[in-house]
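Asker: I'd like to ask you about the structure that follows.
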Amino acid sequence: MPKWFFPAAIVCGVLFAASPFVVANAPFEADLGLVQKIFYYHMPSAWMFLIASIVCGVASVRFLATGDYRHDRTALAAGELIVLFGLLTLVTGPLWARRSWGTFWIWDARTTASLVSWMIACAYLILRRYGGPGSEKLAAGLALFGMANVPFIYISVNYWRTIHPPTTVVPTLPFSLGFPLWFCVISFLLLFVVLLKLRIRVEEQQARVDALYLALDERS
Amino acid sequence: MKTLKRWCAVVLLLVSWGIIAAAQPPQPKGEYVPVDQLPPTESMPAAPLLITAYAFVMIVLFVYVLSVARRLSTVQQELNRLDASIKQGGRT
Amino acid sequence: MMRVAWLILRKDLTVEVRSMEIVYTTLFFAVSCVLVFAFALVREGRAPEDGAAGILWIAVMFAGNLALGRTFERERQSETLRALLLGPAPRPAVYVGKLLGILALLFGAELLLVPLVALLFQARLLAHPFWLIAILATGTIGFAAVGTLFAAMLIRARSRDVLLPVLLYPVTVPVIIAGVRGTAALLQPELDGGIVRFWVALLVCFDVVFVTLALWTFEPVMTD
């Protein structure tokens with residue numbers, strides 16, 4: 001493991017342990033009240049969901065272009081993180097929505113696009129798990145199609161359902177509300193990097209195990 | 001010829017994305033909002049939702065970290081075992 | 001390249017015409033699908049509003065999924081795909097040939113389904129034939145483009161039968177949305193040309209992007 005890994009993991013753990021207290025100390029939002037605090041976990045999860053999608057897409061393209069299995073391992077690790085952070089986003093969002101919109105689920109542009117992208121990521125993992133040998137390249141093709149699909153999904157769902165939740169408020173946040181958000185974003189970002197590295201490490205070791213088995217087979 | 005084809009494809013992609021970007025959305029006529037927007041003060045209390053959300057996130061993250069750590073240690077053990085058996089095989 | 005694609009299409013058509021297995025089974029399945037929807041959704045003799053558009057597209061997609069699976073299953077059993085790939089034909093030509101075959105089958109199914117759905121669900125689908133053809137053609141091309149690539153990719157994979165819909169449906173969500181909303185707009189008493197034009201434009205862009213992507217990725221994905 002690289003030198004930065006263990007310090008980063010420890011810092012990440014500390015930040016996460018502290019985050020509920022930071023969030024509890026943040027002032028309430030005038031209109032939305034207590035439930036708005038879900039935002040401090042929901043927003044970073046959504047951003048990590050997006051970042052993981054980009055990492056997976058880029059790694060898949062590089063794997064298809066070069067055939068280098070390092071990119072494939074990165075794509076797989078990022079694929080799992082898309083499903084993980086997507087799950088967090090898709091659960092915390094409706095819990096917030098239940099209070100502020102009155103219902104758990106609304107078929108609007110952003111929620112539906114997120115759901116469809118999350119399902120494509122699940123399909124990616126299913127393909128890798130059950131597709132049998134040689135499914136790495138197929139999965140990379142799927143990831144590429146999924147990435148290219150994002151603008152289409154967004155546009156088509158946008159004009160399919162025109163209920164708009166409040167648009168992003170992040171740039172206009174005052175410090176007292178902004179600080180907990182950025183605290184959580186940094187925690188999540190650090191967690192993303194740590195998890196990605198950890199997961200890639202598992203795949204690297206597995207590849208070495210497979211290579212050793214092959215070498216043993218050849219010897220006997 | 002192949003380079004030309006590739007450039008054509010890239011141009012086509014860019015043009016089509018440009019078309020999408022420029023496409024004027026059809027103005028929605030009076031949309032009926034199918035969901036009853038309850039005034040927040042009269043719907044569910046917020047605390048259970050908040051606690052559920054945070055608890056869910058913590059639990060899922062914890063489970064995932066445990067799962068990855070377990071997979072890593074399994075693979076590491078197998079690697080050590082194979083290393084040992086190869087060294088033995090090398091010696092004899 | 002188009003000559004090779006045409007040869008592949010002719011080969012597929014020749015093989016199919018001998019037994020007509022895929023054609024008959026796909027058409028029958030599509031009709032059964034529509035009947036199931038009729039029994040599920042028609043209440044007191046009336047279909048739900050805009051139901052016809054959704055039912056038409058769902059039937060096309062389910063039938064298309066089956067047809068894709070069956071077409072490539074036939075290739076797999078005879079190992080003809082490997083022969084095609086080993087030959088001197090440019091890989092994208094193989095893809096285009098296969099795509100044209102699937103399109104022919106799906107257009108045939110739609111030729112049957114449109115009057116059937118219009119009849120069973122009292123929908124005036126044929127009121128604006130030019131726009132209907134535009135939406136059906138562009139939507140079917142988008143669906144078939146992605147489907148042909150995925151079906152070819154999965155030919156050697158395990159669990160390929162269930163993996164095809166698992167992969168295909170989430171990725172073709174824009175086609176479903178655009179196709180159904182565009183067709184539903186045609187069913188309105190007053191045709192709003194702007195909306196229909198928008199959905200057709202979106203489908204055209206989708207087709208361009210995904211056919212191009214499929215042509216690019218067919219080669220790296222099919223090589224071992």
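Each chain in the structure tokens gets a letter, A, B, ..., in the order shown, and its residues are numbered from 1; ligands are numbered from 1 in order too.
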Among region 118-201 of chain C, which ones does DSSP place in helix (DSSP H, G or I), written as a VMD selection string?
Answerer: chain C and resid 118 to 120 125 to 127 129 to 156 160 to 171 173 to 187 193 to 201
Asker: Please report as a tab-separated table every residue of chain C lying within 9 Å of chain B, along with the nearest atom pair and their distance in Å (one decimal), using only C-alpha atoms.
Answerer:
```
residue	atom	partner	partner_atom	distance
C:Gly194	CA	B:Pro26	CA	6.6
C:Ile195	CA	B:Pro26	CA	6.0
C:Phe198	CA	B:Ala23	CA	7.5
C:Ala201	CA	B:Ile20	CA	8.0
C:Leu202	CA	B:Ile20	CA	6.9
C:Val204	CA	B:Ser16	CA	8.4
C:Cys205	CA	B:Ser16	CA	5.3
C:Phe206	CA	B:Ser16	CA	8.3
C:Val208	CA	B:Leu13	CA	7.2
C:Val209	CA	B:Leu13	CA	5.8
C:Thr212	CA	B:Ala9	CA	6.5
C:Leu213	CA	B:Ala9	CA	8.9
C:Trp216	CA	B:Arg6	CA	8.9
```
Asker: Please, which residues in chain A fall within 6 Å of chain B when counting only C-alpha atoms, and what is the closest atom pair and distance in Å to one decimal for each, ordered by chain then residue number, as a tab-separated table?
Answerer:
```
residue	atom	partner	partner_atom	distance
A:Val35	CA	B:Ala46	CA	5.2
A:Ile38	CA	B:Leu50	CA	6.0
A:Thr92	CA	B:Ala53	CA	5.3
A:Leu95	CA	B:Leu49	CA	5.8
A:Ser100	CA	B:Pro40	CA	5.9
A:Trp101	CA	B:Gln37	CA	5.8
A:Gly102	CA	B:Leu38	CA	5.5
A:Val202	CA	B:Leu72	CA	5.1
A:Val209	CA	B:Leu79	CA	5.6
```
Asker: Could you tell me how far CA of Asp12 (chain C) sits from CA of Leu138 (chain A), in Å to one decimal place?
Answerer: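 Those two atoms sit 24.4 Å apart.
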Asker: Between CA of Glu80 (chain A) and CA of Phe192 (chain A), what is the spacing in Å?
Answerer: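 Distance between the two atoms: 11.0 Å.
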Asker: Quick one: distance from CA of Leu127 (chain A) to CA of Leu189 (chain A) in Å, one decimal?
Answerer: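 Separation of CA of Leu127 (chain A) and CA of Leu189 (chain A): 27.2 Å.
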Asker: Tell me as a PyMOL selection string which residues belonging to chain A come within 8 Å of chain C, counting only C-alpha atoms.
Answerer: chain A and resi 64-65+116-117+119-120+123-124+127+130-135+137-138+141-142+145-146+149+152-153+156-157+160
Asker: Can you tell me, as a VMD selection string, what residues are no more than 12 Å from Val194 (chain A) when counting only C-alpha atoms, ignoring any on the same chain fewer than 6 positions away?
Answerer: (chain A and resid 1 to 2 4 to 13 77 to 78 81 187 to 188 200 to 201) or (chain B and resid 65 68 to 69)
